[in-house]
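protein-v1.txt (compact mmCIF, C-alpha atoms and all ligand atoms)
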```txt
# COMPACT_ATOMS: atom_id res chain seq x y z
CA MET A 1 -0.92 -33.60 27.66
CA ALA A 2 -0.07 -29.93 27.19
CA ARG A 3 0.53 -28.54 23.71
CA CYS A 4 3.04 -25.70 23.65
CA TYR A 5 2.65 -22.51 21.64
CA ASN A 6 4.72 -23.49 18.63
CA PHE A 7 6.05 -20.44 16.77
CA CYS A 8 8.31 -22.54 14.49
CA ALA A 9 8.66 -21.24 10.94
CA GLY A 10 8.37 -24.67 9.35
CA PRO A 11 7.58 -27.42 9.90
CA ALA A 12 4.98 -25.48 11.81
CA THR A 13 2.03 -25.91 14.11
CA LEU A 14 -0.93 -27.82 12.68
CA PRO A 15 -4.54 -27.59 13.82
CA GLN A 16 -4.98 -29.83 16.85
CA ALA A 17 -8.21 -31.20 15.39
CA VAL A 18 -6.27 -32.37 12.33
CA LEU A 19 -3.68 -34.17 14.45
CA GLU A 20 -6.40 -35.81 16.50
CA THR A 21 -8.24 -37.07 13.43
CA ALA A 22 -4.98 -38.41 12.00
CA ARG A 23 -4.28 -40.14 15.31
CA ASP A 24 -7.75 -41.69 15.46
CA GLU A 25 -7.51 -42.93 11.87
CA LEU A 26 -3.86 -43.90 11.90
CA VAL A 27 -4.03 -47.64 12.54
CA ASP A 28 -7.34 -48.49 10.90
CA TYR A 29 -8.46 -46.04 8.24
CA GLN A 30 -12.26 -46.14 7.91
CA ASN A 31 -12.57 -49.85 8.68
CA SER A 32 -10.15 -50.83 5.96
CA GLY A 33 -8.00 -52.75 8.42
CA MET A 34 -4.98 -50.69 7.43
CA SER A 35 -3.53 -47.22 7.70
CA ILE A 36 -3.99 -44.80 4.81
CA MET A 37 -0.17 -44.86 4.83
CA GLU A 38 -0.28 -48.55 3.95
CA SER A 39 -3.07 -48.23 1.41
CA SER A 40 -2.45 -48.52 -2.35
CA HIS A 41 -2.22 -45.15 -4.05
CA ARG A 42 -4.24 -46.71 -6.90
CA GLY A 43 -6.96 -47.91 -4.52
CA LYS A 44 -10.40 -46.35 -3.98
CA GLN A 45 -9.72 -45.21 -0.44
CA TYR A 46 -6.64 -43.18 -1.26
CA ALA A 47 -8.15 -41.92 -4.53
CA ALA A 48 -10.98 -40.33 -2.55
CA VAL A 49 -8.48 -38.49 -0.34
CA HIS A 50 -6.45 -37.30 -3.33
CA GLU A 51 -9.51 -36.07 -5.20
CA GLU A 52 -10.98 -34.32 -2.18
CA ALA A 53 -7.69 -32.55 -1.46
CA GLU A 54 -7.61 -31.20 -5.00
CA ALA A 55 -11.29 -30.25 -4.95
CA ASN A 56 -10.87 -28.43 -1.63
CA ILE A 57 -7.87 -26.45 -2.89
CA ARG A 58 -9.83 -25.52 -6.02
CA GLU A 59 -12.80 -24.42 -3.94
CA LEU A 60 -10.84 -22.53 -1.27
CA MET A 61 -8.63 -20.69 -3.75
CA GLY A 62 -11.12 -20.35 -6.62
CA VAL A 63 -8.95 -22.28 -9.09
CA SER A 64 -10.49 -22.54 -12.57
CA ASP A 65 -10.18 -25.41 -15.05
CA ASP A 66 -7.48 -23.47 -16.91
CA TYR A 67 -5.18 -24.48 -14.07
CA ALA A 68 -3.85 -27.79 -12.85
CA VAL A 69 -3.50 -28.45 -9.12
CA LEU A 70 -0.49 -30.70 -8.47
CA PHE A 71 0.99 -32.39 -5.42
CA LEU A 72 4.69 -32.89 -6.03
CA GLN A 73 7.61 -34.20 -4.05
CA GLY A 74 10.74 -32.40 -2.95
CA GLY A 75 9.19 -29.42 -1.17
CA ALA A 76 9.38 -25.87 -2.43
CA SER A 77 13.12 -25.98 -3.12
CA THR A 78 12.65 -28.53 -5.89
CA GLN A 79 10.28 -26.05 -7.53
CA PHE A 80 13.13 -23.53 -7.69
CA ALA A 81 14.54 -25.81 -10.43
CA TYR A 82 11.28 -27.15 -11.91
CA ILE A 83 10.13 -23.66 -12.81
CA PRO A 84 13.05 -22.65 -15.04
CA ILE A 85 13.38 -26.20 -16.42
CA ASN A 86 9.76 -26.04 -17.56
CA LEU A 87 9.13 -22.38 -18.30
CA LEU A 88 12.44 -20.81 -19.29
CA GLY A 89 13.10 -21.64 -22.93
CA GLU A 90 16.54 -21.42 -24.51
CA GLY A 91 17.50 -17.86 -25.40
CA GLN A 92 14.75 -16.46 -23.17
CA THR A 93 15.22 -14.48 -19.96
CA ALA A 94 13.24 -14.83 -16.75
CA ASP A 95 12.78 -11.89 -14.38
CA TYR A 96 13.24 -12.45 -10.66
CA THR A 97 12.82 -10.06 -7.75
CA ASN A 98 15.29 -10.45 -4.92
CA SER A 99 13.57 -9.74 -1.63
CA GLY A 100 15.65 -11.90 0.69
CA ALA A 101 16.95 -15.36 1.48
CA TRP A 102 14.23 -17.41 -0.24
CA ALA A 103 14.16 -15.30 -3.38
CA ALA A 104 17.96 -15.57 -3.54
CA LYS A 105 17.74 -19.36 -3.44
CA ALA A 106 15.21 -19.40 -6.26
CA ILE A 107 17.46 -17.10 -8.29
CA LYS A 108 20.52 -19.25 -7.72
CA GLU A 109 18.78 -22.34 -9.12
CA ALA A 110 17.26 -20.51 -12.08
CA LYS A 111 20.71 -19.22 -13.08
CA LEU A 112 21.88 -22.82 -13.38
CA ILE A 113 19.20 -23.38 -16.03
CA GLY A 114 18.98 -20.18 -18.06
CA ASN A 115 19.18 -16.41 -18.32
CA VAL A 116 17.99 -14.47 -15.30
CA ASN A 117 17.40 -10.75 -14.95
CA ILE A 118 17.12 -9.34 -11.44
CA ALA A 119 14.13 -7.04 -11.91
CA ALA A 120 14.57 -5.44 -8.47
CA ASP A 121 16.95 -6.10 -5.64
CA CYS A 122 16.27 -5.17 -2.05
CA GLY A 123 17.37 -8.52 -0.65
CA ALA A 124 20.10 -7.10 1.58
CA GLU A 125 18.22 -4.07 2.89
CA ILE A 126 17.46 -3.62 6.60
CA PRO A 127 14.69 -2.85 7.47
CA THR A 128 13.58 -5.58 5.15
CA ARG A 129 10.95 -5.09 2.43
CA VAL A 130 9.73 -6.29 -0.94
CA PRO A 131 10.11 -4.23 -4.14
CA SER A 132 7.43 -1.87 -5.39
CA GLN A 133 5.80 -2.21 -8.78
CA GLU A 134 7.51 1.01 -9.94
CA GLU A 135 10.95 -0.39 -9.19
CA LEU A 136 10.64 -3.40 -11.47
CA GLN A 137 13.00 -3.42 -14.45
CA LEU A 138 11.36 -6.07 -16.57
CA THR A 139 12.72 -7.84 -19.64
CA ASP A 140 10.83 -7.25 -22.89
CA GLY A 141 9.23 -10.58 -23.71
CA GLY A 142 10.49 -12.11 -20.46
CA ALA A 143 9.56 -15.76 -19.86
CA TYR A 144 7.98 -14.98 -16.49
CA LEU A 145 8.40 -12.87 -13.36
CA HIS A 146 9.18 -14.76 -10.16
CA ILE A 147 8.38 -13.26 -6.78
CA THR A 148 8.53 -14.57 -3.22
CA SER A 149 5.12 -13.74 -1.79
CA ASN A 150 6.34 -13.84 1.78
CA GLU A 151 9.96 -13.87 2.92
CA THR A 152 9.72 -16.33 5.80
CA ILE A 153 13.11 -15.46 7.29
CA SER A 154 13.05 -11.68 7.21
CA GLY A 155 9.30 -11.21 7.60
CA ALA A 156 8.51 -9.10 4.51
CA GLN A 157 5.39 -9.77 2.45
CA TRP A 158 3.95 -8.52 -0.84
CA LYS A 159 0.69 -6.79 0.05
CA THR A 160 -0.31 -6.09 -3.55
CA TYR A 161 1.05 -8.37 -6.22
CA PRO A 162 2.69 -6.73 -9.25
CA THR A 163 0.78 -6.57 -12.51
CA VAL A 164 2.93 -7.67 -15.43
CA ASP A 165 2.48 -8.96 -18.99
CA ALA A 166 4.58 -12.08 -18.48
CA PRO A 167 3.20 -14.94 -16.37
CA LEU A 168 3.59 -14.18 -12.68
CA VAL A 169 5.17 -17.00 -10.69
CA ALA A 170 4.95 -16.86 -6.91
CA ASP A 171 6.55 -18.79 -4.09
CA MET A 172 3.71 -18.75 -1.55
CA SER A 173 5.28 -21.34 0.75
CA SER A 174 4.72 -19.32 3.87
CA ASP A 175 1.48 -17.48 3.10
CA ILE A 176 -0.59 -19.76 0.89
CA LEU A 177 -4.25 -19.76 1.90
CA SER A 178 -3.60 -17.15 4.56
CA ARG A 179 -5.41 -14.37 2.67
CA PRO A 180 -7.56 -13.95 -0.42
CA VAL A 181 -5.65 -14.34 -3.69
CA ASP A 182 -6.88 -14.05 -7.27
CA VAL A 183 -5.30 -17.13 -8.84
CA ASN A 184 -6.05 -15.78 -12.34
CA GLN A 185 -3.40 -13.15 -11.77
CA PHE A 186 -0.76 -15.89 -11.74
CA GLY A 187 0.83 -18.27 -14.19
CA LEU A 188 2.08 -20.48 -11.40
CA ILE A 189 1.79 -20.60 -7.62
CA TYR A 190 3.79 -23.03 -5.51
CA ALA A 191 4.20 -23.75 -1.83
CA GLY A 192 5.95 -26.27 0.35
CA LEU A 193 3.23 -27.79 2.53
CA GLN A 194 4.94 -27.45 5.88
CA LYS A 195 4.00 -23.87 6.81
CA ASN A 196 0.30 -23.50 6.21
CA LEU A 197 -0.87 -26.78 4.74
CA GLY A 198 0.62 -29.92 6.25
CA PRO A 199 3.82 -31.94 6.61
CA SER A 200 7.14 -31.22 4.92
CA GLY A 201 8.56 -32.84 1.81
CA ALA A 202 5.79 -32.07 -0.66
CA ALA A 203 4.68 -29.02 -2.60
CA LEU A 204 1.38 -27.76 -3.90
CA VAL A 205 1.68 -26.34 -7.42
CA ILE A 206 -1.08 -24.47 -9.21
CA ILE A 207 -0.12 -23.95 -12.83
CA ARG A 208 -1.91 -22.50 -15.85
CA LYS A 209 -2.01 -25.61 -18.02
CA GLU A 210 -0.77 -23.96 -21.22
CA LEU A 211 2.51 -23.01 -19.49
CA ALA A 212 3.35 -26.68 -19.02
CA GLU A 213 3.61 -27.01 -22.80
CA ARG A 214 6.79 -24.94 -22.96
CA VAL A 215 8.99 -27.71 -21.58
CA PRO A 216 11.79 -29.11 -23.79
CA ALA A 217 11.04 -32.66 -24.97
CA SER A 218 14.39 -33.90 -23.65
CA THR A 219 13.37 -33.19 -20.03
CA PRO A 220 13.07 -36.36 -17.92
CA SER A 221 9.42 -37.25 -17.28
CA MET A 222 9.53 -36.76 -13.54
CA PHE A 223 10.67 -33.15 -13.98
CA LYS A 224 7.94 -32.11 -16.40
CA TYR A 225 4.78 -30.48 -15.08
CA ALA A 226 3.08 -31.90 -18.20
CA THR A 227 3.70 -35.44 -16.93
CA HIS A 228 2.10 -34.75 -13.57
CA ILE A 229 -0.80 -32.89 -15.13
CA ALA A 230 -1.51 -35.80 -17.49
CA GLN A 231 -1.34 -38.27 -14.60
CA GLY A 232 -3.18 -36.24 -11.95
CA SER A 233 -0.07 -36.20 -9.69
CA MET A 234 -0.04 -40.03 -9.88
CA PHE A 235 2.83 -40.57 -12.34
CA ASN A 236 4.62 -42.32 -9.51
CA THR A 237 3.62 -42.95 -5.90
CA PRO A 238 2.63 -39.53 -4.56
CA PRO A 239 3.41 -38.43 -1.00
CA CYS A 240 0.13 -40.06 0.10
CA PHE A 241 0.30 -39.39 3.81
CA SER A 242 1.25 -35.73 3.32
CA ILE A 243 -1.67 -35.30 0.91
CA TYR A 244 -3.95 -37.01 3.43
CA ILE A 245 -2.93 -34.46 6.09
CA LEU A 246 -3.25 -31.63 3.56
CA ASN A 247 -6.78 -32.85 2.92
CA LEU A 248 -7.58 -32.73 6.63
CA VAL A 249 -6.14 -29.19 6.82
CA THR A 250 -8.27 -28.03 3.89
CA ARG A 251 -11.34 -29.55 5.57
CA TRP A 252 -10.42 -27.68 8.72
CA ILE A 253 -10.12 -24.40 6.81
CA LYS A 254 -13.51 -25.00 5.20
CA ALA A 255 -15.05 -25.75 8.59
CA GLN A 256 -13.68 -22.52 10.10
CA GLY A 257 -14.50 -20.54 6.97
CA ALA A 258 -11.59 -19.27 4.92
CA GLN A 259 -12.61 -15.65 5.45
CA THR A 260 -12.68 -16.16 9.22
CA ILE A 261 -9.12 -17.46 9.08
CA PHE A 262 -8.00 -14.58 6.85
CA ASP A 263 -9.53 -12.08 9.28
CA GLN A 264 -7.92 -13.81 12.25
CA ASN A 265 -4.53 -13.68 10.54
CA VAL A 266 -4.79 -9.91 10.12
CA SER A 267 -5.89 -9.47 13.69
CA LYS A 268 -3.24 -11.79 15.20
CA ALA A 269 -0.50 -9.93 13.30
CA ALA A 270 -1.90 -6.53 14.28
CA THR A 271 -1.89 -7.57 17.93
CA LEU A 272 1.74 -8.63 17.80
CA TYR A 273 2.96 -5.61 15.82
CA GLY A 274 0.98 -3.46 18.21
CA ALA A 275 2.98 -4.86 21.12
CA ILE A 276 6.26 -4.28 19.25
CA ASP A 277 5.36 -0.69 18.41
CA ALA A 278 4.03 0.07 21.89
CA ASP A 279 7.41 -0.50 23.54
CA ASP A 280 10.72 1.11 22.51
CA PHE A 281 12.38 -1.96 23.92
CA TYR A 282 11.29 -3.84 20.77
CA SER A 283 11.92 -2.86 17.17
CA GLY A 284 10.31 -4.48 14.15
CA THR A 285 12.70 -5.48 11.36
CA ALA A 286 10.42 -5.04 8.33
CA VAL A 287 9.30 -1.80 6.67
CA THR A 288 5.79 -1.14 8.03
CA ASP A 289 4.03 -1.46 4.64
CA CYS A 290 5.64 -4.84 4.04
CA ARG A 291 5.20 -6.42 7.44
CA SER A 292 4.35 -10.07 7.12
CA ASP A 293 1.15 -11.33 8.71
CA MET A 294 2.73 -14.79 8.94
CA ASN A 295 6.30 -14.27 10.19
CA VAL A 296 6.68 -11.39 12.62
CA THR A 297 10.32 -10.39 13.14
CA TRP A 298 11.78 -8.02 15.67
CA ARG A 299 14.88 -7.20 17.72
CA LEU A 300 15.69 -6.36 21.30
CA PRO A 301 18.39 -3.87 22.35
CA SER A 302 21.11 -6.54 22.49
CA GLU A 303 21.79 -10.12 21.49
CA ALA A 304 22.21 -11.00 25.16
CA LEU A 305 18.68 -9.76 25.88
CA GLU A 306 17.38 -11.66 22.85
CA ALA A 307 18.93 -14.85 24.18
CA GLU A 308 17.38 -14.21 27.60
CA PHE A 309 14.00 -13.44 26.01
CA ILE A 310 14.06 -16.72 24.09
CA LYS A 311 15.15 -18.67 27.16
CA GLN A 312 12.42 -17.29 29.41
CA ALA A 313 9.83 -17.63 26.68
CA GLU A 314 10.74 -21.30 26.21
CA ALA A 315 10.38 -21.92 29.91
CA GLN A 316 6.82 -20.57 29.68
CA GLY A 317 5.90 -22.80 26.75
CA PHE A 318 6.56 -20.41 23.82
CA LYS A 319 8.71 -22.46 21.46
CA GLY A 320 10.50 -21.65 18.23
CA LEU A 321 10.90 -17.88 18.71
CA LYS A 322 14.58 -17.72 17.79
CA GLY A 323 15.14 -15.81 14.56
CA HIS A 324 16.68 -17.67 11.63
CA ARG A 325 20.38 -18.34 12.18
CA SER A 326 21.27 -16.04 9.27
CA VAL A 327 19.60 -12.93 10.73
CA GLY A 328 19.22 -13.44 14.49
CA GLY A 329 16.62 -11.57 16.52
CA ILE A 330 13.17 -12.92 17.28
CA ARG A 331 10.68 -14.43 14.85
CA ALA A 332 7.15 -15.48 15.69
CA SER A 333 5.55 -17.53 12.93
CA ILE A 334 1.80 -17.27 13.30
CA TYR A 335 0.35 -19.29 10.46
CA ASN A 336 -3.33 -20.18 10.00
CA ALA A 337 -3.26 -22.89 12.66
CA PHE A 338 -1.55 -20.75 15.29
CA PRO A 339 -4.18 -19.84 17.91
CA ALA A 340 -5.03 -16.22 18.74
CA GLU A 341 -4.74 -17.04 22.47
CA GLY A 342 -1.08 -17.88 21.85
CA VAL A 343 -0.47 -14.43 20.39
CA ASP A 344 -2.23 -12.80 23.33
CA ALA A 345 -0.17 -14.86 25.76
CA LEU A 346 3.07 -13.90 23.99
CA VAL A 347 2.09 -10.22 24.08
CA ALA A 348 1.53 -10.45 27.84
CA PHE A 349 4.94 -12.08 28.23
CA MET A 350 6.54 -9.34 26.09
CA LYS A 351 5.02 -6.57 28.22
CA ASP A 352 6.32 -8.19 31.35
CA PHE A 353 9.76 -8.85 29.91
CA GLY A 354 9.98 -5.28 28.60
CA LEU A 355 9.10 -3.86 32.03
CA LYS A 356 11.67 -6.00 33.81
CA ASN A 357 14.50 -5.48 31.37
CA GLY A 358 13.80 -2.17 29.63
C1 LIG B 401 10.24 -22.89 3.67
C2 LIG B 401 10.33 -22.17 2.38
C3 LIG B 401 10.91 -22.75 1.24
C4 LIG B 401 11.58 -24.09 1.26
O1 LIG B 401 10.72 -25.13 1.42
P1 LIG B 401 11.27 -26.65 1.39
O2 LIG B 401 10.00 -27.42 1.36
O3 LIG B 401 12.08 -26.83 2.62
O4 LIG B 401 12.08 -26.81 0.17
C5 LIG B 401 10.91 -22.01 0.08
N1 LIG B 401 10.38 -20.78 0.02
C6 LIG B 401 9.85 -20.19 1.10
C7 LIG B 401 9.28 -18.82 0.98
C8 LIG B 401 9.81 -20.86 2.32
O5 LIG B 401 9.26 -20.28 3.39
```

Could you write out this file's structure as C-alpha cells?
Ligand SMILES: *Cc1c(COP(=O)(O)O)cnc(C)c1O
Amino acid sequence: MARCYNFCAGPATLPQAVLETARDELVDYQNSGMSIMESSHRGKQYAAVHEEAEANIRELMGVSDDYAVLFLQGGASTQFAYIPINLLGEGQTADYTNSGAWAAKAIKEAKLIGNVNIAADCGAEIPTRVPSQEELQLTDGGAYLHITSNETISGAQWKTYPTVDAPLVADMSSDILSRPVDVNQFGLIYAGLQKNLGPSGAALVIIRKELAERVPASTPSMFKYATHIAQGSMFNTPPCFSIYILNLVTRWIKAQGAQTIFDQNVSKAATLYGAIDADDFYSGTAVTDCRSDMNVTWRLPSEALEAEFIKQAEAQGFKGLKGHRSVGGIRASIYNAFPAEGVDALVAFMKDFGLKNG
C-alpha cells in the first residue's frame, strides 16, 4: 500500500503511526472485546483515554489550572457562536481583526449575537497578511479581542500575538501545537481538530475558567462553557473516537518531542518558500513577514499553468494542492504530520515543472 503525499488543508494528513495503532486497536480495544467506539463513555476504558488526552494537551501546551481544557462538538465553526454567546455581554463590544476568510466567518457569527468592532481590516488585501499591533483600533473596555492565528485559506499567520488588556481569543484551528505558544497570554484558544490534531467534527477549547462565568443564565446548557467545564466535557456523549485519535496524536507529538516538531515545521516551510522565491515562475501570495508555516500559498503565471501543475502533481502522488476555491492558485498544507521528505519531493517536482514550463 502506498500512502500519497497529502497536502489537503483539512481534514489533513495524520501520522501514519497513529493510523496504524487505530487500525490495530479498532476491533478489540485492549482485550475489552469491543472497539473504543463501542465502549461506554462512562466506562473506565474510555475515561482513561479522555483523561490522558487532556493531560497530554496540558503538558504539551503548558496549560495551568486556571484554564479548562474542553473537547466540544461542532468543529471550530460552532465556536464562532459559542464565544460571543458566552463572553460578549449585553451592551458590551467585542473587537475582531479581519485577516481573511476564517476571520470573516467568525465576525459574521459574532455580529448575530452582539456588538462587534473591527479593530483592523486587511482581509481583502493581496498579498495577504495579518494586522500589526500598531494598527489595532481597540474598544475601551472591550469584551475580548478575537484573532485568527493562521488564515488557512490565504496562508497568512500571526508571528507575534498582539498584547492587549482585554482577553485575547484565538482561532488556532490550523496552527495549534505547531509552534510554542504561551497560553497565559490568552483568554481562550480554540481549534477544530482536523488540521493538526485528529479527525473533523470536534474542537479543542482552552479557556480561562473565570471567563466562563460571564454567560447569561438563560443560555441553553449545551451552549455554555460552564456546563462543559463542570462536567469535564462529559455533559453528554463526547466525540469519543475523535478524542481517542487526538490522544494518539498527542502521544505521537510527545514521542517525537514537541520542540523537534516545531523546528521541523519551520524548516519544512523555509524549504518550500525557498523554492518559491528561487524561481520567478512562482510567486508567493502572503507578505513575507506573515507567511504561514502551515499553509503555503503561491501562484503560477496563469490559471492554465496552475491547472497543469496540479494535474501533473496529482499524477506523481502529490494530492490536495489546489488552492481554496475562493482564491485559486496553489496551496500546500504542511501540518505537523506532513513528512519533510514530502516537501523535498514537491520542491524537486516544482524545479522540474518550472524548467519545462517557465
Ligand atoms: C478549518 C478552519 C475552521 C473551520 O473548522 P470546522 O471544524 O470545519 O468548523 C475555522 N477556522 C480556521 C482557521 C480553520 O482553518

May I have the residues within 7 Å of ligand LIG 401 (chain B), computed using only C-alpha atoms and all ligand atoms, as a PDB file with C-alpha atoms, keeping the file's coordinate frame?
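Written file, pocket_4.pdb:
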```pdb
ATOM      1  CA  GLY A  10       8.370 -24.670   9.350  1.00  0.00           C
ATOM      2  CA  GLY A  74      10.740 -32.400  -2.950  1.00  0.00           C
ATOM      3  CA  GLY A  75       9.190 -29.420  -1.170  1.00  0.00           C
ATOM      4  CA  ALA A  76       9.380 -25.870  -2.430  1.00  0.00           C
ATOM      5  CA  SER A  77      13.120 -25.980  -3.120  1.00  0.00           C
ATOM      6  CA  THR A  78      12.650 -28.530  -5.890  1.00  0.00           C
ATOM      7  CA  TRP A 102      14.230 -17.410  -0.240  1.00  0.00           C
ATOM      8  CA  THR A 148       8.530 -14.570  -3.220  1.00  0.00           C
ATOM      9  CA  ASN A 150       6.340 -13.840   1.780  1.00  0.00           C
ATOM     10  CA  GLU A 151       9.960 -13.870   2.920  1.00  0.00           C
ATOM     11  CA  THR A 152       9.720 -16.330   5.800  1.00  0.00           C
ATOM     12  CA  ASP A 171       6.550 -18.790  -4.090  1.00  0.00           C
ATOM     13  CA  MET A 172       3.710 -18.750  -1.550  1.00  0.00           C
ATOM     14  CA  SER A 173       5.280 -21.340   0.750  1.00  0.00           C
ATOM     15  CA  SER A 174       4.720 -19.320   3.870  1.00  0.00           C
ATOM     16  CA  GLY A 192       5.950 -26.270   0.350  1.00  0.00           C
ATOM     17  CA  LEU A 193       3.230 -27.790   2.530  1.00  0.00           C
ATOM     18  CA  GLN A 194       4.940 -27.450   5.880  1.00  0.00           C
ATOM     19  CA  SER A 200       7.140 -31.220   4.920  1.00  0.00           C
ATOM     20  CA  GLY A 201       8.560 -32.840   1.810  1.00  0.00           C
ATOM     21  CA  ALA A 202       5.790 -32.070  -0.660  1.00  0.00           C
ATOM     22  CA  ALA A 203       4.680 -29.020  -2.600  1.00  0.00           C
TER      23      ALA A 203
END
```

Shell of 12 Å around A:Ser302, all atoms listed in the file, local chain residues under 5 positions omitted, as a short mmCIF file (atom, residue, chain, number, x, y, z; two decimals) with C-alpha atoms, in the frame of the given file:
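Writing done, so here's part-v1.cif:
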```cif
data_model
loop_
_atom_site.label_atom_id
_atom_site.label_comp_id
_atom_site.auth_asym_id
_atom_site.auth_seq_id
_atom_site.Cartn_x
_atom_site.Cartn_y
_atom_site.Cartn_z
CA PHE A 281 12.38 -1.96 23.92
CA TYR A 282 11.29 -3.84 20.77
CA SER A 283 11.92 -2.86 17.17
CA ALA A 307 18.93 -14.85 24.18
CA GLU A 308 17.38 -14.21 27.60
CA PHE A 309 14.00 -13.44 26.01
CA GLY A 328 19.22 -13.44 14.49
CA GLY A 329 16.62 -11.57 16.52
CA ILE A 330 13.17 -12.92 17.28
CA ASN A 357 14.50 -5.48 31.37
CA GLY A 358 13.80 -2.17 29.63
#
```

I want to know what sits within 12 Å of stretch 262-268 of chain A, based on only C-alpha atoms, with residues of the same chain fewer than 4 positions away left out; could you give that as a ChimeraX atom specification?
/A:60,159,175-181,196,253-254,256-258,272-275,291-296,332-347

Which residues of stretch 67-155 of chain A come within 12 Å of stretch 284-289 of chain A, and for each one, what is the closest pair of atoms and their distance in Å to one decimal, counting all atoms listed in the file, sorted by chain and residue number, as CSV?
```
residue,atom,partner,partner_atom,distance
A:Ser99,CA,A:Ala286,CA,11.5
A:Gly100,CA,A:Ala286,CA,11.5
A:Cys122,CA,A:Val287,CA,11.7
A:Gly123,CA,A:Ala286,CA,11.9
A:Ala124,CA,A:Ala286,CA,12.0
A:Glu125,CA,A:Ala286,CA,9.6
A:Ile126,CA,A:Thr285,CA,7.0
A:Pro127,CA,A:Ala286,CA,4.9
A:Thr128,CA,A:Ala286,CA,4.5
A:Arg129,CA,A:Val287,CA,5.6
A:Val130,CA,A:Val287,CA,8.8
A:Pro131,CA,A:Asp289,CA,11.0
A:Ser132,CA,A:Asp289,CA,10.6
A:Asn150,CA,A:Ala286,CA,11.7
A:Glu151,CA,A:Ala286,CA,10.4
A:Thr152,CA,A:Ala286,CA,11.6
A:Ile153,CA,A:Thr285,CA,10.8
A:Ser154,CA,A:Ala286,CA,7.2
A:Gly155,CA,A:Ala286,CA,6.3
```

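Remark: for A:Gly142, the closest of the candidate residues A:Ser233, A:Thr97, A:Asn184, A:Gln92 is A:Gln92 (distances computed over only C-alpha atoms).
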
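Nearest to A:His324 of all the residues A:Asn117, A:Thr297, A:Ser242, A:Ser35 is A:Thr297, based on only C-alpha atoms.
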